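File shown here: coords-v6.txt, holding compact mmCIF, C-alpha atoms.
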```txt
# COMPACT_ATOMS: atom_id res chain seq x y z
CA MET A 7 0.00 0.00 0.00
CA ASN A 8 1.36 3.38 -0.90
CA ALA A 9 0.29 6.76 0.27
CA ARG A 10 1.71 10.17 -0.31
CA TRP A 11 1.99 12.54 2.57
CA ARG A 12 3.18 16.06 2.49
CA ILE A 13 4.81 17.23 5.63
CA VAL A 14 5.40 20.90 6.14
CA ASN A 15 6.70 21.62 9.56
CA THR A 16 7.22 25.08 10.93
CA GLN A 17 10.44 24.16 12.64
CA LEU A 18 11.81 22.36 9.67
CA THR A 19 10.83 25.02 7.18
CA ARG A 20 13.27 27.36 8.81
CA GLN A 21 16.02 25.26 7.34
CA TYR A 22 14.31 23.43 4.54
CA ALA A 23 11.95 24.96 2.06
CA VAL A 24 9.80 21.91 1.47
CA LEU A 25 9.96 18.50 3.01
CA SER A 26 8.09 16.20 0.75
CA LEU A 27 7.91 12.65 1.98
CA LYS A 28 6.73 9.53 0.34
CA LEU A 29 5.34 7.09 2.81
CA LYS A 30 5.26 3.38 2.40
CA ILE A 31 3.35 1.11 4.69
CA TYR A 32 4.72 -2.34 5.26
CA LEU A 33 2.72 -5.07 6.85
CA ILE A 34 5.03 -7.80 8.05
CA ARG A 35 3.30 -10.35 10.23
CA ASP A 36 2.00 -8.35 13.16
CA VAL A 37 4.27 -5.37 12.70
CA ILE A 38 3.20 -2.46 10.60
CA LEU A 39 6.21 -0.48 9.58
CA LEU A 40 6.20 2.89 8.02
CA ARG A 41 9.17 3.95 6.02
CA LEU A 42 9.89 7.14 4.28
CA GLY A 43 11.76 7.79 1.14
CA GLN A 44 12.47 11.48 1.31
CA SER A 45 13.52 14.35 -0.73
CA VAL A 46 14.56 17.30 1.32
CA LYS A 47 15.21 20.54 -0.46
CA ASP A 48 17.26 23.24 1.10
CA ALA A 49 16.89 26.83 0.03
CA GLY A 50 19.68 26.26 -2.47
CA HIS A 51 20.81 22.67 -2.68
CA LYS A 52 19.69 19.21 -1.78
CA VAL A 53 20.62 18.14 1.70
CA PRO A 54 21.89 14.62 1.92
CA VAL A 55 19.78 13.10 4.62
CA ALA A 56 20.46 9.41 4.56
CA ARG A 57 17.24 7.95 5.82
CA ILE A 58 14.27 8.98 7.81
CA GLN A 59 12.48 6.30 9.70
CA LEU A 60 9.16 6.58 11.40
CA SER A 61 8.29 4.81 14.56
CA ALA A 62 5.86 2.02 13.81
CA LEU A 63 2.15 2.78 13.68
CA ALA A 64 2.76 6.47 14.08
CA PHE A 65 0.44 7.53 11.33
CA SER A 66 -2.45 5.23 11.79
CA PRO A 67 -5.51 7.30 12.68
CA VAL A 68 -6.63 4.89 15.38
CA ALA A 69 -3.23 4.79 17.03
CA ASN A 70 -3.00 5.63 20.69
CA SER A 71 0.25 7.43 20.35
CA ARG A 72 0.41 10.13 17.78
CA LYS A 73 4.13 10.61 18.10
CA LEU A 74 6.01 10.80 14.91
CA GLU A 75 9.69 10.37 15.29
CA LEU A 76 12.08 11.48 12.65
CA ILE A 77 15.44 9.86 12.97
CA SER A 78 18.24 10.47 10.61
CA SER A 79 21.03 7.98 10.31
CA SER A 80 23.59 10.51 9.22
CA SER A 81 25.19 12.41 12.05
CA ASP A 82 25.59 15.71 10.22
CA SER A 83 21.86 16.27 10.06
CA ALA A 84 21.26 16.21 13.77
CA CYS A 85 18.40 18.64 13.38
CA PHE A 86 16.15 15.66 12.64
CA HIS A 87 16.77 14.14 16.02
CA ARG A 88 13.54 15.16 17.60
CA SER A 89 10.03 13.98 18.03
CA HIS A 90 7.06 15.81 16.60
CA SER A 91 3.51 15.08 17.38
CA VAL A 92 1.24 14.72 14.37
CA GLN A 93 -0.52 17.90 15.39
CA ASP A 94 2.69 19.81 14.82
CA ILE A 95 2.98 18.51 11.33
CA GLY A 96 0.56 19.40 8.60
CA LEU A 97 -0.49 15.93 7.57
CA THR A 98 -3.30 15.59 5.11
CA HIS A 99 -6.11 13.28 6.23
CA ARG A 100 -4.97 12.87 9.76
CA VAL A 101 -7.37 12.87 12.67
CA THR A 102 -10.45 13.98 10.77
CA HIS A 103 -10.99 10.44 9.57
CA THR A 104 -10.83 8.83 12.99
CA ARG A 105 -14.57 8.88 13.58
CA ARG A 106 -15.35 7.50 10.13
CA LEU A 107 -12.74 4.78 10.65
CA HIS A 108 -14.28 3.82 13.97
CA LEU A 109 -17.67 3.60 12.30
CA LYS A 110 -16.41 1.04 9.83
CA SER A 111 -13.91 -0.68 12.16
CA ILE A 112 -16.43 -1.72 14.79
CA PRO A 113 -18.78 -3.66 12.47
CA MET A 114 -15.76 -5.27 10.82
CA ILE A 115 -14.32 -6.32 14.20
CA MET A 116 -17.69 -7.77 15.16
CA LEU A 117 -17.81 -9.64 11.87
CA SER A 118 -14.32 -11.03 12.41
CA ILE A 119 -15.03 -12.21 15.98
CA LEU A 120 -18.10 -13.97 14.61
CA LEU A 121 -16.69 -15.49 11.41
CA GLY A 122 -13.52 -17.05 12.87
CA PRO A 123 -15.29 -18.92 15.69
CA LEU A 124 -18.17 -19.82 13.35
CA GLY A 125 -15.65 -21.46 11.03
CA ASN A 126 -14.17 -23.51 13.87
CA VAL A 127 -17.62 -24.50 15.13
CA MET A 128 -18.65 -25.61 11.62
CA LEU A 129 -15.45 -27.67 11.28
CA GLY A 130 -16.24 -29.18 14.68
CA LYS A 131 -19.79 -30.02 13.63
CA GLY A 132 -18.62 -31.60 10.38
CA MET A 133 -15.92 -33.66 12.07
CA LYS A 134 -18.21 -34.82 14.90
CA ALA A 135 -20.60 -36.13 12.25
CA ILE A 136 -17.76 -38.13 10.69
CA GLY A 137 -16.79 -39.53 14.07
CA PRO A 138 -13.42 -40.16 15.68
CA VAL A 139 -10.73 -40.44 13.08
CA SER A 140 -8.88 -43.71 13.43
CA LEU A 141 -5.95 -44.27 11.16
CA LYS A 142 -5.29 -47.94 11.73
CA ALA A 143 -4.30 -48.60 8.17
CA PHE A 144 -2.84 -46.35 5.51
CA SER A 145 -5.90 -46.83 3.28
CA ASP A 146 -8.08 -45.25 6.02
CA ILE A 147 -6.68 -41.86 5.02
CA PHE A 148 -8.55 -41.97 1.72
CA ALA A 149 -11.80 -43.07 3.32
CA VAL A 150 -11.59 -40.28 5.91
CA ALA A 151 -10.50 -37.70 3.31
CA SER A 152 -13.42 -38.48 1.03
CA ARG A 153 -15.87 -38.13 3.94
CA VAL A 154 -14.24 -34.86 5.04
CA LEU A 155 -14.30 -33.41 1.53
CA THR A 156 -17.95 -34.28 0.97
CA SER A 157 -19.17 -32.81 4.26
CA PRO A 158 -21.10 -29.54 3.70
CA PHE A 159 -20.25 -28.35 7.21
CA ILE A 160 -16.51 -28.66 6.56
CA TRP A 161 -16.84 -26.54 3.40
CA LEU A 162 -19.00 -24.04 5.29
CA GLY A 163 -16.32 -23.89 7.98
CA ILE A 164 -13.54 -23.39 5.42
CA ALA A 165 -15.57 -20.65 3.67
CA SER A 166 -16.20 -18.96 7.00
CA LEU A 167 -12.50 -19.09 7.94
CA MET A 168 -11.53 -17.65 4.55
CA ALA A 169 -14.07 -14.84 4.96
CA PHE A 170 -12.57 -14.24 8.40
CA MET A 171 -9.07 -13.95 6.89
CA ILE A 172 -10.30 -11.46 4.28
CA VAL A 173 -12.13 -9.31 6.85
CA HIS A 174 -9.10 -9.43 9.13
CA MET A 175 -6.70 -8.37 6.38
CA LEU A 176 -9.04 -5.60 5.20
CA LEU A 177 -9.29 -4.37 8.77
CA LEU A 178 -5.52 -4.28 9.11
CA THR A 179 -5.17 -2.11 6.02
CA TRP A 180 -6.55 0.86 7.91
CA ALA A 181 -6.57 -0.02 11.60
CA ASP A 182 -3.66 -0.73 13.91
CA TYR A 183 -2.80 -4.28 14.77
CA SER A 184 -2.60 -3.15 18.39
CA TYR A 185 -6.20 -1.89 18.09
CA VAL A 186 -7.56 -4.93 16.26
CA GLN A 187 -5.90 -7.69 18.22
CA PRO A 188 -7.20 -6.90 21.75
CA ALA A 189 -10.68 -6.60 20.28
CA THR A 190 -10.45 -9.93 18.48
CA SER A 191 -9.42 -11.63 21.73
CA LEU A 192 -13.17 -11.74 22.33
CA SER A 193 -13.35 -14.48 19.70
CA TYR A 194 -12.38 -17.00 22.42
CA ALA A 195 -15.59 -16.06 24.21
CA THR A 196 -17.59 -16.27 20.96
CA VAL A 197 -16.26 -19.75 20.30
CA ALA A 198 -17.56 -20.91 23.68
CA LEU A 199 -20.94 -19.25 23.13
CA LEU A 200 -21.35 -20.68 19.62
CA SER A 201 -20.30 -24.17 20.66
CA TYR A 202 -22.84 -23.97 23.49
CA PHE A 203 -25.70 -22.78 21.28
CA LEU A 204 -24.93 -24.55 18.01
CA LEU A 205 -23.26 -27.74 19.16
CA GLY A 206 -24.82 -28.11 22.62
CA GLU A 207 -21.42 -28.42 24.29
CA VAL A 208 -21.37 -28.04 28.06
CA VAL A 209 -19.08 -25.17 29.00
CA THR A 210 -18.28 -25.55 32.69
CA PRO A 211 -17.66 -22.49 34.90
CA LEU A 212 -14.00 -23.52 35.21
CA ARG A 213 -13.68 -23.54 31.41
CA TRP A 214 -15.32 -20.10 31.25
CA LEU A 215 -12.75 -18.89 33.77
CA GLY A 216 -9.93 -20.27 31.66
CA ILE A 217 -11.35 -18.66 28.52
CA ALA A 218 -11.67 -15.32 30.33
CA VAL A 219 -8.03 -15.56 31.43
CA ILE A 220 -6.96 -16.35 27.84
CA CYS A 221 -8.94 -13.34 26.55
CA PHE A 222 -7.21 -11.17 29.12
CA GLY A 223 -3.80 -12.55 28.14
CA VAL A 224 -4.42 -11.94 24.44
CA PHE A 225 -5.62 -8.45 25.34
CA ILE A 226 -2.32 -7.76 27.13
CA VAL A 227 -0.33 -9.14 24.17
CA GLY A 228 -2.26 -6.83 21.86
CA ARG A 229 -1.76 -3.78 24.03
CA THR A 230 2.01 -4.00 23.75
CA ALA A 231 3.33 -1.83 20.99
CA PRO A 232 4.62 -4.03 18.18
CA SER A 233 8.34 -3.48 18.36
CA THR A 234 10.19 -3.18 15.15
CA THR A 235 13.32 -5.08 14.34
CA GLY A 236 15.03 -1.90 13.28
CA VAL A 237 15.56 -0.37 9.88
CA PHE A 238 14.40 -2.61 7.07
CA GLU A 239 16.62 -2.36 4.08
CA MET B 2 -1.15 -39.01 24.00
CA LEU B 3 -2.68 -38.67 20.54
CA GLU B 4 -4.31 -35.40 21.66
CA ALA B 5 -1.01 -34.01 22.88
CA LEU B 6 0.61 -34.89 19.55
CA LEU B 7 -2.23 -33.29 17.57
CA PHE B 8 -2.14 -30.14 19.73
CA PHE B 9 1.61 -30.02 19.16
CA PHE B 10 1.01 -30.10 15.39
CA ILE B 11 -1.76 -27.48 15.58
CA VAL B 12 0.35 -25.08 17.63
CA VAL B 13 3.89 -25.70 16.39
CA ALA B 14 3.23 -26.60 12.74
CA GLY B 15 0.58 -23.88 12.36
CA THR B 16 2.83 -21.19 13.80
CA GLY B 17 5.94 -22.56 12.10
CA GLY B 18 4.09 -22.45 8.79
CA GLU B 19 3.15 -18.82 9.30
CA LEU B 20 6.73 -17.95 10.18
CA CYS B 21 8.04 -19.68 7.03
CA VAL B 22 5.48 -17.92 4.83
CA SER B 23 6.33 -14.62 6.49
CA ARG B 24 10.01 -15.25 5.82
CA ALA B 25 9.32 -16.08 2.18
CA MET B 26 7.18 -12.97 1.78
CA LYS B 27 9.87 -10.76 3.26
CA GLY B 28 12.26 -12.17 0.67
CA ILE B 29 9.94 -11.05 -2.14
CA GLY B 30 9.25 -7.64 -0.69
CA GLU B 31 6.34 -5.27 -0.83
CA VAL B 32 3.50 -5.63 -3.33
CA HIS B 33 3.08 -2.43 -5.34
CA ASP B 34 1.07 -3.56 -8.29
CA PHE B 35 -2.39 -5.02 -7.81
CA ARG B 36 -3.29 -5.71 -11.44
CA PRO B 37 -4.22 -9.37 -12.10
CA MET B 38 -1.14 -10.15 -14.20
CA ALA B 39 1.19 -8.62 -11.63
CA LEU B 40 -0.50 -10.60 -8.86
CA LEU B 41 -0.07 -13.80 -10.90
CA ARG B 42 3.60 -13.00 -11.37
CA PHE B 43 3.84 -12.37 -7.64
CA ILE B 44 2.28 -15.76 -6.89
CA GLY B 45 4.62 -17.36 -9.41
CA HIS B 46 7.57 -15.75 -7.68
CA ALA B 47 6.32 -16.81 -4.25
CA LEU B 48 6.00 -20.43 -5.38
CA ARG B 49 9.68 -20.50 -6.38
CA ILE B 50 10.80 -19.90 -2.78
CA PRO B 51 11.39 -23.11 -0.78
CA TRP B 52 10.32 -21.40 2.47
CA MET B 53 6.88 -20.88 0.93
CA TRP B 54 6.45 -24.60 0.23
CA LEU B 55 7.65 -25.54 3.69
CA GLY B 56 5.29 -22.96 5.19
CA VAL B 57 2.27 -24.15 3.23
CA ALA B 58 3.05 -27.78 4.08
CA LEU B 59 3.32 -26.97 7.80
CA MET B 60 0.10 -24.93 7.75
CA ALA B 61 -1.68 -27.81 6.01
CA LEU B 62 -0.38 -30.21 8.66
CA GLY B 63 -1.70 -27.84 11.34
CA PHE B 64 -5.10 -27.60 9.65
CA PHE B 65 -5.52 -31.36 9.21
CA SER B 66 -4.46 -31.91 12.82
CA LEU B 67 -7.18 -29.43 13.83
CA LEU B 68 -9.74 -31.40 11.80
CA ALA B 69 -8.59 -34.68 13.34
CA ILE B 70 -8.76 -33.39 16.91
CA LEU B 71 -12.19 -31.79 16.34
CA SER B 72 -13.52 -35.24 15.43
CA PHE B 73 -13.32 -36.32 19.07
CA LEU B 74 -12.81 -33.22 21.25
CA GLU B 75 -15.12 -30.26 21.91
CA VAL B 76 -14.62 -27.02 20.01
CA SER B 77 -14.85 -24.99 23.23
CA PHE B 78 -11.86 -27.00 24.48
CA VAL B 79 -9.71 -27.18 21.36
CA VAL B 80 -9.83 -23.52 20.28
CA PRO B 81 -8.84 -22.03 23.68
CA VAL B 82 -5.99 -24.55 24.05
CA SER B 83 -4.73 -23.64 20.58
CA ALA B 84 -4.17 -20.12 21.96
CA LEU B 85 -0.79 -21.57 22.95
CA SER B 86 0.24 -20.51 19.47
CA TYR B 87 0.79 -17.03 20.94
CA ALA B 88 3.64 -18.51 22.97
CA ALA B 89 4.94 -20.52 20.01
CA GLY B 90 4.71 -17.41 17.82
CA ALA B 91 6.73 -15.33 20.27
CA PHE B 92 9.47 -17.96 20.62
CA GLY B 93 9.53 -18.53 16.89
CA ALA B 94 9.64 -14.84 16.02
CA LYS B 95 12.50 -14.37 18.49
CA ALA B 96 14.54 -17.33 17.29
CA PHE B 97 13.67 -17.35 13.61
CA LEU B 98 13.00 -13.74 12.66
CA GLY B 99 15.17 -12.05 15.31
CA GLU B 100 12.31 -9.96 16.69
CA ARG B 101 12.56 -8.49 20.14
CA ILE B 102 9.71 -9.39 22.48
CA SER B 103 8.85 -6.82 25.15
CA ARG B 104 8.35 -7.70 28.80
CA ASN B 105 4.63 -6.88 28.62
CA ARG B 106 4.22 -9.23 25.70
CA TRP B 107 5.86 -12.04 27.69
CA LEU B 108 3.48 -11.18 30.55
CA GLY B 109 0.47 -11.47 28.22
CA ILE B 110 1.75 -14.79 26.90
CA ALA B 111 2.20 -16.06 30.48
CA VAL B 112 -1.42 -15.10 31.23
CA VAL B 113 -2.57 -16.94 28.07
CA CYS B 114 -0.66 -20.02 29.26
CA ILE B 115 -2.34 -19.84 32.69
CA GLY B 116 -5.72 -19.61 30.95
CA VAL B 117 -4.90 -22.63 28.79
CA THR B 118 -3.90 -24.57 31.90
CA ILE B 119 -7.26 -23.75 33.52
CA VAL B 120 -9.15 -24.83 30.38
CA TRP B 121 -7.10 -28.05 30.31
CA TRP B 122 -8.03 -28.69 33.95
CA SER B 123 -11.69 -28.18 33.15
CA GLY B 124 -11.52 -31.52 31.36
CA ARG B 125 -12.55 -32.53 27.89
```
Since I need it in another form, could you write the structure as structure tokens?
Amino acid sequence: MNARWRIVNTQLTRQYAVLSLKLKIYLIRDVILLRLGQSVKDAGHKVPVARIQLSALAFSPVANSRKLELISSSSDSACFHRSHSVQDIGLTHRVTHTRRLHLKSIPMIMLSILLGPLGNVMLGKGMKAIGPVSLKAFSDIFAVASRVLTSPFIWLGIASLMAFMIVHMLLLTWADYSYVQPATSLSYATVALLSYFLLGEVVTPLRWLGIAVICFGVFIVGRTAPSTTGVFE
Amino acid sequence: MLEALLFFFIVVAGTGGELCVSRAMKGIGEVHDFRPMALLRFIGHALRIPWMWLGVALMALGFFSLLAILSFLEVSFVVPVSALSYAAGAFGAKAFLGERISRNRWLGIAVVCIGVTIVWWSGR
């Protein structure tokens, strides 16, 4: 995904006429990295600034921290060694879209915490109908495989899991991973609810406690800022 | 014993597969062009990386293990226990991708493990 941002900062404009930055957003596993390829123009000549790196997630409109850190790797441009908040910097489409993003994020999150568990429950229903898989002989694999592949519930489950993946990836194109992941921790509760209502499984209070603890743990994992592995070359 | 083995496949093979795919994708780099032909070329490129094949094979192993275990265990037991993949993911990312894991993240993973232990105690 590419986006163009124009950054005109009052402090920077004292030294540099225009700071025009091209922003690239990288999504690598759970880390969203933002990297800038920059062209900095001085009043007269181009200033060789080696690389400007943004702290991860800085730009995302749903981010908690709105700190944007400009770090230069060359020592002779020490003027970049400071943090600016997004408010200081004239970013196009910055916070104005937050409300609109929330309006579309929340239904998408609800859809994703429904679709993922629904997929697992459907797989469970399909496999329970087939019965315990026993692989006594090698030829059993084909018998089991043909029953698995002809079960409508298995295909429904696979479709639901694929829809979940698509919704999840779409969500991550505009929302922070650290915003999405704590919210999706609720899917462990949904799985218990759906398996109670759709499969008639007995969820004991102790199991509910365990599920609540897991949700809390996933929530903590999601609240930690995804740390970057440094400059990606 | 069979359950433990299947859970091991779900957690370790599933996470290992994701790590391999992630490593293969990093090798290719960012996708700029979303036209159908470019995407086909991208897929063609991805399929030439051995890590991709290993990753897909491991993810398939994880998925079939999930199917097998769901044939005799409850969904409300299997899915919470498979949350152990958070721990596997953190160890894998540290060892395999060289990511740094913050103290709070370890804390969250420890809480997930406690929750899994409680679910395990609750019986099948």
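Residue-level contacts from chain B to chain A at 6 Å, counting all atoms listed in the file, read Leu71, Ser72, Phe73, Val76, Ser77, Glu100, Arg106, Gly109, Val112, Val113, Gly116, Ile119, Val120 and Ser123 of chain B.
A straight line drawn from atom CA of A:Phe159 to atom CA of B:Phe64 is 15.4 Å long.
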Computed interatomic separation between atom CA of B:Pro37 and atom CA of B:Val22 (Å): 21.3 Å
Contacts of stretch 115-120 of chain A at 8 Å (only C-alpha atoms; same-chain gap of 5+ positions) as a ChimeraX atom specification: /A:170,173-174,177,186,189-190,192-193,196
Which residues, written as a ChimeraX atom specification, have at least one atom at most 8 Å from B:Ile70, with all atoms listed in the file counted and residues fewer than 6 positions away on the same chain left out? /B:4,7-8,79
Could those selected residues go to a file with C-alpha atoms, as an mmCIF file, in the frame of the given file?
```cif
data_model
loop_
_atom_site.group_PDB
_atom_site.id
_atom_site.type_symbol
_atom_site.label_atom_id
_atom_site.label_comp_id
_atom_site.auth_asym_id
_atom_site.auth_seq_id
_atom_site.Cartn_x
_atom_site.Cartn_y
_atom_site.Cartn_z
ATOM 1 C CA GLU B 4 -4.310 -35.400 21.660
ATOM 2 C CA LEU B 7 -2.230 -33.290 17.570
ATOM 3 C CA PHE B 8 -2.140 -30.140 19.730
ATOM 4 C CA VAL B 79 -9.710 -27.180 21.360
#
```
Taking N, CA and C atoms as the atom set, what does stretch 8-38 of chain B look like once completed, written as a short mmCIF file (atom, residue, chain, number, x, y, z; two decimals), keeping the file's coordinate frame?
```cif
data_model
loop_
_atom_site.label_atom_id
_atom_site.label_comp_id
_atom_site.auth_asym_id
_atom_site.auth_seq_id
_atom_site.Cartn_x
_atom_site.Cartn_y
_atom_site.Cartn_z
N PHE B 8 -2.26 -31.54 19.28
CA PHE B 8 -2.14 -30.14 19.73
C PHE B 8 -0.76 -29.59 19.37
N PHE B 9 0.25 -30.45 19.52
CA PHE B 9 1.61 -30.02 19.16
C PHE B 9 1.66 -29.62 17.68
N PHE B 10 1.03 -30.42 16.82
CA PHE B 10 1.01 -30.10 15.39
C PHE B 10 0.24 -28.81 15.13
N ILE B 11 -0.93 -28.67 15.81
CA ILE B 11 -1.76 -27.48 15.58
C ILE B 11 -0.96 -26.23 15.94
N VAL B 12 -0.32 -26.28 17.12
CA VAL B 12 0.35 -25.08 17.63
C VAL B 12 1.68 -24.87 16.90
N VAL B 13 2.53 -25.90 16.90
CA VAL B 13 3.89 -25.70 16.39
C VAL B 13 3.92 -25.66 14.86
N ALA B 14 3.20 -26.60 14.22
CA ALA B 14 3.23 -26.60 12.74
C ALA B 14 2.48 -25.39 12.20
N GLY B 15 1.35 -25.04 12.82
CA GLY B 15 0.58 -23.88 12.36
C GLY B 15 1.41 -22.61 12.45
N THR B 16 2.03 -22.39 13.61
CA THR B 16 2.83 -21.19 13.80
C THR B 16 4.09 -21.23 12.95
N GLY B 17 4.73 -22.41 12.92
CA GLY B 17 5.94 -22.56 12.10
C GLY B 17 5.65 -22.26 10.64
N GLY B 18 4.48 -22.71 10.17
CA GLY B 18 4.09 -22.45 8.79
C GLY B 18 3.95 -20.97 8.52
N GLU B 19 3.31 -20.27 9.47
CA GLU B 19 3.15 -18.82 9.30
C GLU B 19 4.50 -18.12 9.27
N LEU B 20 5.40 -18.58 10.14
CA LEU B 20 6.73 -17.95 10.18
C LEU B 20 7.47 -18.17 8.86
N CYS B 21 7.36 -19.40 8.31
CA CYS B 21 8.04 -19.68 7.03
C CYS B 21 7.45 -18.83 5.91
N VAL B 22 6.11 -18.73 5.88
CA VAL B 22 5.48 -17.92 4.83
C VAL B 22 5.90 -16.46 4.98
N SER B 23 5.93 -16.00 6.24
CA SER B 23 6.33 -14.62 6.49
C SER B 23 7.77 -14.37 6.02
N ARG B 24 8.62 -15.38 6.25
CA ARG B 24 10.01 -15.25 5.82
C ARG B 24 10.12 -15.21 4.29
N ALA B 25 9.32 -16.06 3.65
CA ALA B 25 9.32 -16.08 2.18
C ALA B 25 8.82 -14.75 1.63
N MET B 26 7.76 -14.22 2.26
CA MET B 26 7.18 -12.97 1.78
C MET B 26 8.14 -11.81 1.94
N LYS B 27 8.89 -11.83 3.05
CA LYS B 27 9.87 -10.76 3.26
C LYS B 27 10.94 -10.80 2.17
N GLY B 28 11.27 -12.02 1.73
CA GLY B 28 12.26 -12.17 0.67
C GLY B 28 11.79 -11.54 -0.63
N ILE B 29 10.47 -11.61 -0.89
CA ILE B 29 9.94 -11.05 -2.14
C ILE B 29 9.83 -9.53 -2.03
N GLY B 30 9.38 -9.07 -0.87
CA GLY B 30 9.25 -7.64 -0.69
C GLY B 30 7.82 -7.18 -0.89
N GLU B 31 7.67 -5.87 -0.85
CA GLU B 31 6.34 -5.27 -0.83
C GLU B 31 5.62 -5.42 -2.17
N VAL B 32 4.30 -5.56 -2.11
CA VAL B 32 3.50 -5.63 -3.33
C VAL B 32 3.07 -4.20 -3.70
N HIS B 33 3.45 -3.78 -4.91
CA HIS B 33 3.08 -2.43 -5.34
C HIS B 33 1.92 -2.46 -6.33
N ASP B 34 1.94 -3.53 -7.12
CA ASP B 34 1.07 -3.56 -8.29
C ASP B 34 -0.04 -4.57 -8.03
N PHE B 35 -1.29 -4.12 -8.13
CA PHE B 35 -2.39 -5.02 -7.81
C PHE B 35 -3.17 -5.44 -9.05
N ARG B 36 -2.60 -5.25 -10.23
CA ARG B 36 -3.29 -5.71 -11.44
C ARG B 36 -3.19 -7.24 -11.50
N PRO B 37 -4.19 -7.90 -12.12
CA PRO B 37 -4.22 -9.37 -12.10
C PRO B 37 -2.93 -10.03 -12.58
N MET B 38 -2.35 -9.52 -13.67
CA MET B 38 -1.14 -10.15 -14.20
C MET B 38 0.02 -10.03 -13.21
#
```
